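Student: Starting off with a structure, shown below.
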There are 2 protein chains.
Amino acid sequence: MDKPVDKPHDAIAALLAEDLAAVNATIRERMASRHAPRIPEVTAHLVDAGGKRIRPMLTLAAARLCGYDGDDHIRLAATVEFIHTATLLHDDVVDESQQRRGRPTANLLWDNQSSVLVGDYLFARAFQLMVEPGNLRVLEILSDAAATIAEGEVLQLTVAQNLATTEDTYLQVVRGKTAALFSAATESGAEIAGAPEARVRALFTYGDALGIAFQMADDLLDWLGDSAATGKNVGDDFRERKLTLPLIRAIAKADAEERAFWQRTIEKGRQEEADLATARALLDRHGALDSTRATALDWAERAKAALEPLPDHALKGHLADLADYVVARLR
Amino acid sequence: MDKPVDKPHDAIAALLAEDLAAVNATIRERMASRHAPRIPEVTAHLVDAGGKRIRPMLTLAAARLCGYDGDDHIRLAATVEFIHTATLLHDDVVDESQQRRGRPTANLLWDNQSSVLVGDYLFARAFQLMVEPGNLRVLEILSDAAATIAEGEVLQLTVAQNLATTEDTYLQVVRGKTAALFSAATESGAEIAGAPEARVRALFTYGDALGIAFQMADDLLDWLGDSAATGKNVGDDFRERKLTLPLIRAIAKADAEERAFWQRTIEKGRQEEADLATARALLDRHGALDSTRATALDWAERAKAALEPLPDHALKGHLADLADYVVARLR
């Protein structure tokens, strides 16, 4: 396996510094509102909170890797970040979150109303931005991603606490939460560059696999613990009765007594102090953490393999490193 | 002034029966979700609640009036209804509403989470639908409308209880709440028909003025009372401290004592039993209800005048009647 590079997204950011500066300028310009000053207040709070801009970087990298020398990729990258920010605002309302990236959430600082409506505003601004390049294929990619994201979020709501949740359903939720926007980011970058179908396809597959590896690693770290990396406490998903891959795999192998334990703690939500340790022991007994780790590493390998048909370029190596990086926390 | 026809939207629905059936079929088909059965449950609840489908009807009528004989107007009409339904779902969360069209709201039947996320899903489906005809000008019109709607909603949030609210700001809020989608509905119908610029412009102006007349009439009826027509109780806006046109005009003419009354009841929200009657008396003293009625009727006249450059067609007369109809309740 390749050695994981320290911070491949920093290397990408350095190569694309000018593009990223243009994306940030577009974001600031387009989130302004002449009429409703509440909007930039709320969004600035989120946008300044310093996400890593992974998603817009993927769009920029895909376009440049395919030899693009125009500037429509800037608008698409800003679109992708707006969609991401809008979903964060709505997620925090849905989850009644209090913190995001170590700062109080917008729903806490303002109110749920502002989070819902400013999220809607960012969605609308995203659609305005994506229309501007006038590329219908790109519009299909991004509007399909928006639908997959929303569908995945609703699906997640309806499968919580459901012990019958399958790995297929889990994958669908993961695509909605994370991978759909990653793959739309890379695919639309390739498409705006006018890349041949095989390269567009390759970059779609890369983004999809990268997003799945990333989310799976996050779900695993919820059990393994690494709150510096995830910003979550160990066992949050268990306490919130979320069916992620480790749990799904342990439940699939549960005997009658274990099943009763999961019914009480996950289905009925009657949890006691010692239950998290018991749950963890059951996951270990069935190798559910190890097998989830293996699956996440496999998705990272698929992401790297997908890059194969792409032209030689410094960015190609960095994107491969990025796939290693998102699972490096698991080794 | 023309005599107001009984129900011009019924006349339009009869003329466009086949188109409307196709719109309903598209709505049912596109709100389905293979993965998340919660979605059609929530939307069916709203879609079946039997709105009058005024907005999609406007798109269909504008396209047909401009001689369109394709079928892309069906998709655009469904888009407009999806955007409308999504905003209703989010509005009910924002307003913490309990009832809509005489039925319990989705946020009450399911939960706020479902309303937020299913609303997002409908927005995304709307964008997928509007991309399909492949007309970039239509995409601009509809994505601009979505941004104006969201901006107007946030603006409404930030001007509530603010005695300094101007008529300009009120008009901006009204465009966001109602007129932006009406005008996008008519304009996109004309545009998809390939109508010449003057007719596109005319139908935009008609939709804008119709929407403003409609919302102004609603705001006036909140003071005059007609709960059968509005589904609201007299004085709801006063109790919720909403600055609508009658109130804005009465406040503009307030003497010092009246101003103190408005500061107590609207700014500070300290309302007592007798305050609604006092407020109503102050509005009467300054002729604020009569002048709002005159302004609403004037917008209805502007809507009718806008139709002038359009070709002779049965629908043209019905659209003029519709403008009379939305203010007929005020006569």
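Identifiers for the structure tokens are assigned positionally: chains receive A, B, ... in sequence, residues are indexed from 1 per chain, and ligands are indexed from 1 in the order shown.
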What are the residues of chain A lining chain B at 9 Å or less? Count only C-alpha atoms, and put the answer as a PyMOL selection string.

Tutor: chain A and resi 33+35-39+87+90-91+93-95+112-114+116-128+131-132+134-136+139-140+142-158+169+172

Student: Residues as selected, C-alpha atoms, written as a JSON list (two decimals), in the first residue's frame, can you do that?

Tutor:
[["chain", "number", "residue", "atom", "x", "y", "z"],
["A", 33, "SER", "CA", -28.05, 39.84, -0.05],
["A", 35, "HIS", "CA", -32.29, 43.02, 1.08],
["A", 36, "ALA", "CA", -31.74, 40.61, 3.93],
["A", 37, "PRO", "CA", -28.61, 41.25, 6.01],
["A", 38, "ARG", "CA", -29.38, 38.21, 8.16],
["A", 39, "ILE", "CA", -28.25, 36.03, 5.26],
["A", 87, "THR", "CA", -27.17, 20.91, 3.85],
["A", 90, "HIS", "CA", -30.53, 22.05, 7.51],
["A", 91, "ASP", "CA", -28.75, 19.09, 9.15],
["A", 93, "VAL", "CA", -31.84, 21.89, 12.51],
["A", 94, "VAL", "CA", -32.76, 18.26, 11.92],
["A", 95, "ASP", "CA", -30.22, 16.95, 14.44],
["A", 112, "ASN", "CA", -34.18, 27.32, 13.42],
["A", 113, "GLN", "CA", -36.15, 29.64, 11.15],
["A", 114, "SER", "CA", -33.02, 31.42, 9.98],
["A", 116, "VAL", "CA", -34.05, 26.70, 7.31],
["A", 117, "LEU", "CA", -34.57, 29.83, 5.22],
["A", 118, "VAL", "CA", -30.91, 30.77, 4.77],
["A", 119, "GLY", "CA", -30.27, 27.15, 3.74],
["A", 120, "ASP", "CA", -33.01, 27.53, 1.13],
["A", 121, "TYR", "CA", -31.41, 30.76, -0.04],
["A", 122, "LEU", "CA", -28.03, 29.03, -0.48],
["A", 123, "PHE", "CA", -29.68, 26.20, -2.46],
["A", 124, "ALA", "CA", -31.28, 28.77, -4.74],
["A", 125, "ARG", "CA", -28.00, 30.67, -5.14],
["A", 126, "ALA", "CA", -26.30, 27.35, -5.95],
["A", 127, "PHE", "CA", -28.80, 26.75, -8.73],
["A", 128, "GLN", "CA", -28.35, 30.25, -10.11],
["A", 131, "VAL", "CA", -26.95, 27.67, -14.60],
["A", 132, "GLU", "CA", -24.44, 30.36, -15.60],
["A", 134, "GLY", "CA", -24.82, 27.06, -19.70],
["A", 135, "ASN", "CA", -23.80, 23.40, -19.72],
["A", 136, "LEU", "CA", -26.88, 21.17, -19.54],
["A", 139, "LEU", "CA", -26.89, 20.88, -14.62],
["A", 140, "GLU", "CA", -28.13, 17.30, -14.73],
["A", 142, "LEU", "CA", -25.61, 18.71, -9.96],
["A", 143, "SER", "CA", -29.41, 18.63, -9.74],
["A", 144, "ASP", "CA", -29.33, 14.81, -9.60],
["A", 145, "ALA", "CA", -26.82, 15.07, -6.74],
["A", 146, "ALA", "CA", -29.09, 17.48, -4.86],
["A", 147, "ALA", "CA", -31.96, 14.99, -5.16],
["A", 148, "THR", "CA", -29.77, 12.07, -4.03],
["A", 149, "ILE", "CA", -28.59, 14.09, -1.02],
["A", 150, "ALA", "CA", -32.10, 14.99, 0.08],
["A", 151, "GLU", "CA", -33.38, 11.47, -0.51],
["A", 152, "GLY", "CA", -30.48, 10.04, 1.52],
["A", 153, "GLU", "CA", -31.25, 12.39, 4.41],
["A", 154, "VAL", "CA", -34.89, 11.37, 4.50],
["A", 155, "LEU", "CA", -33.88, 7.73, 4.22],
["A", 156, "GLN", "CA", -31.52, 8.14, 7.18],
["A", 157, "LEU", "CA", -34.42, 9.54, 9.19],
["A", 158, "THR", "CA", -36.62, 6.56, 8.41],
["A", 169, "THR", "CA", -29.49, 0.84, 2.59],
["A", 172, "GLN", "CA", -27.54, 4.57, -0.05]]

Student: Among region 7-175 of chain A, which residues carry a DSSP assignment of alpha helix (DSSP H), reported as a ChimeraX atom specification?

Tutor: /A:8-15,17-30,38-47,54-65,72-95,106-109,112-131,136-159,167-174

Student: From region 13-225 of chain B, collect each residue whose DSSP state is strand (DSSP E or B) and return the set as a PyMOL selection string.

Tutor: chain B and resi 99-100+103-104

Student: Write the residues you've just listed into a file as a PDB file, in the first residue's frame, and include all heavy atoms for each of them.

Tutor:
ATOM      1  N   GLN B  99     -52.063  24.052  11.122  1.00  0.00           N
ATOM      2  CA  GLN B  99     -53.049  23.727  10.097  1.00  0.00           C
ATOM      3  C   GLN B  99     -52.707  24.401   8.784  1.00  0.00           C
ATOM      4  O   GLN B  99     -52.174  25.503   8.749  1.00  0.00           O
ATOM      5  CB  GLN B  99     -54.444  24.224  10.533  1.00  0.00           C
ATOM      6  CG  GLN B  99     -55.113  23.340  11.546  1.00  0.00           C
ATOM      7  CD  GLN B  99     -56.613  23.261  11.305  1.00  0.00           C
ATOM      8  OE1 GLN B  99     -57.208  24.154  10.703  1.00  0.00           O
ATOM      9  NE2 GLN B  99     -57.221  22.190  11.759  1.00  0.00           N
ATOM     10  N   ARG B 100     -53.030  23.713   7.692  1.00  0.00           N
ATOM     11  CA  ARG B 100     -52.892  24.283   6.349  1.00  0.00           C
ATOM     12  C   ARG B 100     -54.021  23.692   5.528  1.00  0.00           C
ATOM     13  O   ARG B 100     -54.217  22.472   5.516  1.00  0.00           O
ATOM     14  CB  ARG B 100     -51.510  23.940   5.801  1.00  0.00           C
ATOM     15  CG  ARG B 100     -51.347  23.906   4.333  1.00  0.00           C
ATOM     16  CD  ARG B 100     -50.568  25.020   3.679  1.00  0.00           C
ATOM     17  NE  ARG B 100     -49.425  25.561   4.339  1.00  0.00           N
ATOM     18  CZ  ARG B 100     -49.073  26.862   4.167  1.00  0.00           C
ATOM     19  NH1 ARG B 100     -49.787  27.668   3.411  1.00  0.00           N
ATOM     20  NH2 ARG B 100     -47.999  27.326   4.758  1.00  0.00           N
ATOM     21  N   ARG B 103     -56.273  21.153   7.210  1.00  0.00           N
ATOM     22  CA  ARG B 103     -55.767  19.852   7.677  1.00  0.00           C
ATOM     23  C   ARG B 103     -54.530  20.072   8.535  1.00  0.00           C
ATOM     24  O   ARG B 103     -53.861  21.091   8.397  1.00  0.00           O
ATOM     25  CB  ARG B 103     -55.438  18.962   6.476  1.00  0.00           C
ATOM     26  CG  ARG B 103     -56.651  18.686   5.604  1.00  0.00           C
ATOM     27  CD  ARG B 103     -56.267  18.034   4.288  1.00  0.00           C
ATOM     28  NE  ARG B 103     -55.581  16.764   4.475  1.00  0.00           N
ATOM     29  CZ  ARG B 103     -55.474  15.839   3.523  1.00  0.00           C
ATOM     30  NH1 ARG B 103     -56.004  16.050   2.333  1.00  0.00           N
ATOM     31  NH2 ARG B 103     -54.836  14.723   3.748  1.00  0.00           N
ATOM     32  N   PRO B 104     -54.214  19.124   9.400  1.00  0.00           N
ATOM     33  CA  PRO B 104     -52.994  19.289  10.197  1.00  0.00           C
ATOM     34  C   PRO B 104     -51.777  19.354   9.281  1.00  0.00           C
ATOM     35  O   PRO B 104     -51.736  18.691   8.236  1.00  0.00           O
ATOM     36  CB  PRO B 104     -52.954  18.036  11.077  1.00  0.00           C
ATOM     37  CG  PRO B 104     -54.038  17.142  10.626  1.00  0.00           C
ATOM     38  CD  PRO B 104     -54.947  17.893   9.707  1.00  0.00           C
TER      39      PRO B 104
END

Student: As a PyMOL selection string, please: the residues near Ala77 (chain A) (cut-off 7 Å, only C-alpha atoms, same-chain neighbours under 5 positions excluded).

Tutor: chain A and resi 23+56+59-60

Student: So how many Å separate CA of Phe82 (chain B) and CA of Arg53 (chain B), to one decimal?

Tutor: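 Distance between the two atoms: 10.8 Å.
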
Student: Restricting the calculation to only C-alpha atoms, which member of A:Ala202, A:Leu289, A:Ala252, A:Ala184 is positioned closest to Leu221 (chain A)?

Tutor: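 Residue with the minimum atom-to-atom distance to Leu221 (chain A): A:Leu289.
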
Student: Which residue is closest to Gly189 (chain B)? Choose from B:Tyr68, B:Trp223, B:Tyr325, B:Trp299 and count only C-alpha atoms.

Tutor: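 The answer is B:Tyr68, which sits nearest to Gly189 (chain B).
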
Student: Using only C-alpha atoms, which protein or nucleic acid residues come within 12 Å of Asp19 (chain B)? Drop anything in the same chain fewer than 5 positions from it, and give the result as a PyMOL selection string.

Tutor: chain B and resi 12-14+24-26+53+56-61+63-64+68-78

Student: Identify, on the basis of only C-alpha atoms, every residue whose closest approach to Asp324 (chain B) does not exceed 12 Å; exclude the query and any residue fewer than 5 positions from it along the same chain; express the result as a PyMOL selection string.

Tutor: chain B and resi 1-9+209-210+213-214+217+296-305+317-319+329-331

Student: Figure out the distance between CA of Thr178 (chain A) and CA of Pro311 (chain A), please, to one decimal in Å.

Tutor: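 Separating CA of Pro311 (chain A) from CA of Thr178 (chain A) is a distance of 26.3 Å.
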